[in-house]
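Comments concern the structure below.
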Amino acid sequence: MSTRKKSRARRPRPRPAPSRRRGPDETVVVSISDPADLVASIPPLFGFTPEESVVVLGMHGPERSRRLGASLRIDLGEGPDDDAVLAAAVRDRLAPTEPDALVVVVVSAARPGPDGRPPGAGLVDAITDVFAELRVPLVGATWTERIAAGAPYRCFERCDCSGTLPDPAGTRTAAETTALGRVTYGSRDEMAAALAPEPGAGSRRRRELLDDALEAAVLDRELSGPAAARRDLDAVRRAVAEVGAGGRLAEEEVARLAVALCDPRVRDICLGFAAGCDDAVDPAQAEELWRVLVRAVPEPEVAEPATLLAFASLDHGGGATLTTALERARGADPDHRLSGLLATMLAAGQTPETARRMVERAVAETSRQLAG
């Protein structure tokens, strides 16, 4: 089967590795046929290492050439009574994407059941049953106590596979995601902390700087029209390169960028960075800028870089960064239209390819407007 992939801070933040450029039509494909390699590939796929979780991978295509589609991770329940509820949640999230098959991985350090089956066996059975009603088979189900080198794994009753996991950092999936500059965090909490507001984000000074920048931008847009948006885009591109080279943004620059992204024309062009629509911008470096701004920009304006980060995460498969960034955007501005659209697309099971096509159309239309 194949998988598809992509301020100031008080605590260290993982830095992306130097990335190779990706064209708008490039797809990273990694073939995986061994259960151990599949389980070890989950951290780079999701961007963090799950614990006490069930991971469900939707597979598409014929049996000998299946590819990864929509996937999700859910915390395990407190006991067997939660299995039916969790299975229904998996169905509601993945069924709209119309998978041809499913693969399930249970990560749990709990003790085996009385029958000797690994932890999570009842949940695997419940997921099997709800998807059997939709004629979607479960083609693989594996348990491990943790996703780490040397951790034991064991398949559920569908085969006799067992053994120990390889180092997740040494998988081909990890190599590909690292080459694209994507960070894999040690845990979901670590990932969430990396996107948490920095201490000065909500300060009076940051708010005043942003309000002053907004007042200047409103006047500039009234007097200059599309030229103001072009200047703002140039400022964003410079910031992408600055952050990509390891530089830090001054508070005044954070305020200027936050206001620039509040212009829908600028934001729409920036959406295309992740899809490789701008030859002057490295997609991985742009994603790093959105991470910096998510930590540095106050509410409600943080909804703009948070949504850009969510779209960038969706473009290379989603995962916990997508969920966390979208939660930040919706929490900062519940009426934010673009993050609302993204939430609706995810609820409807739309694929990254659908989002990319939408973004490419928006970039093309906005580029024509700014060129006029």
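Residue numbers start at 1 in each chain; chains themselves are named A, B, ... in the order of the structure tokens; ligands are numbered from 1 in the order shown.
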_Using only C-alpha atoms, which protein or nucleic acid residues come within 7 Å of stretch 123-132 of chain A? Drop anything in the same chain fewer than 2 positions from it, and give the result as a VMD selection string._
chain A and resid 83 to 84 87 91 120 to 121 134 to 138
Go ahead and save the residues from that selection, with N, CA and C atoms, as a tab-separated table (two decimals), in the first residue's frame.
chain	number	residue	atom	x	y	z
A	83	ASP	N	-16.67	1.62	23.20
A	83	ASP	CA	-16.26	1.13	21.88
A	83	ASP	C	-17.26	1.49	20.79
A	84	ALA	N	-18.55	1.32	21.06
A	84	ALA	CA	-19.56	1.60	20.05
A	84	ALA	C	-19.59	3.09	19.70
A	87	ALA	N	-16.47	3.86	17.59
A	87	ALA	CA	-16.62	3.29	16.25
A	87	ALA	C	-17.57	4.14	15.41
A	91	ARG	N	-16.79	6.12	11.90
A	91	ARG	CA	-17.65	5.99	10.72
A	91	ARG	C	-18.10	7.36	10.21
A	120	GLY	N	-7.76	-3.02	23.14
A	120	GLY	CA	-8.45	-2.40	22.00
A	120	GLY	C	-9.12	-3.38	21.07
A	121	ALA	N	-9.11	-4.67	21.41
A	121	ALA	CA	-9.70	-5.67	20.50
A	121	ALA	C	-11.19	-5.42	20.31
A	134	LEU	N	-21.30	-0.87	5.62
A	134	LEU	CA	-21.05	-0.03	4.45
A	134	LEU	C	-20.26	-0.78	3.38
A	135	ARG	N	-20.00	-2.07	3.62
A	135	ARG	CA	-19.22	-2.91	2.71
A	135	ARG	C	-17.80	-2.39	2.52
A	136	VAL	N	-17.23	-1.89	3.62
A	136	VAL	CA	-15.83	-1.46	3.63
A	136	VAL	C	-15.06	-2.40	4.56
A	137	PRO	N	-14.16	-3.22	4.02
A	137	PRO	CA	-13.49	-4.22	4.87
A	137	PRO	C	-12.33	-3.62	5.66
A	138	LEU	N	-12.05	-4.24	6.78
A	138	LEU	CA	-10.85	-3.94	7.56
A	138	LEU	C	-9.77	-4.89	7.07
_Excluding A:Ala141 and its own-chain neighbours fewer than 5 positions away, which residues fall within 6 Å of it when counting only C-alpha atoms? Please give them as a list in words._
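Non-adjacent residues within range: Val103, Val104, Val105, Cys155 and Phe156 of chain A.
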Written selection (N, CA and C atoms) as a PDB file, in the first residue's frame:
ATOM      1  N   VAL A 103      -7.398   0.405   7.586  1.00  0.00           N
ATOM      2  CA  VAL A 103      -6.349  -0.180   8.406  1.00  0.00           C
ATOM      3  C   VAL A 103      -6.451   0.491   9.778  1.00  0.00           C
ATOM      4  N   VAL A 104      -6.403  -0.303  10.844  1.00  0.00           N
ATOM      5  CA  VAL A 104      -6.533   0.215  12.204  1.00  0.00           C
ATOM      6  C   VAL A 104      -5.272  -0.113  12.990  1.00  0.00           C
ATOM      7  N   VAL A 105      -4.801   0.865  13.748  1.00  0.00           N
ATOM      8  CA  VAL A 105      -3.672   0.664  14.658  1.00  0.00           C
ATOM      9  C   VAL A 105      -4.104   1.130  16.043  1.00  0.00           C
ATOM     10  N   CYS A 155      -0.326  -8.166  15.420  1.00  0.00           N
ATOM     11  CA  CYS A 155      -1.554  -7.992  14.649  1.00  0.00           C
ATOM     12  C   CYS A 155      -2.705  -8.689  15.367  1.00  0.00           C
ATOM     13  N   PHE A 156      -3.887  -8.182  15.141  1.00  0.00           N
ATOM     14  CA  PHE A 156      -5.055  -8.844  15.692  1.00  0.00           C
ATOM     15  C   PHE A 156      -5.298 -10.129  14.892  1.00  0.00           C
TER      16      PHE A 156
END
*asked:* as a PyMOL selection string, please: the residues near stretch 363-366 of chain A (cut-off 10 Å, only C-alpha atoms, same-chain neighbours under 2 positions excluded).
replied: chain A and resi 264-273+277-278+357-361+368-371
*Option closest in space to A:Gln350, from A:Ala101, A:Leu94, A:Met191, A:Ala255 [counting only C-alpha atoms]*: A:Leu94
_Shortest interatomic distance to A:Ala325 - which of A:Glu353, A:Asp75, A:Glu287, A:Asp34, counting only C-alpha atoms_ =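 Using only C-alpha atoms, A:Ala325 sits closest to A:Glu287.
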*Just give me the gap between atom CA of A:Ala303 and atom CA of A:Glu222 in Å, one decimal is fine.*
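Interatomic distance, atom CA of A:Ala303 to atom CA of A:Glu222: 23.8 Å.
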*Would you mind telling me which residue in A:Ala89, A:Asp115, A:Leu102, A:Ser53 lies nearest to A:Arg66 when using only C-alpha atoms?*
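Of A:Ala89, A:Asp115, A:Leu102, A:Ser53, the one nearest A:Arg66 is A:Leu102, counting only C-alpha atoms.
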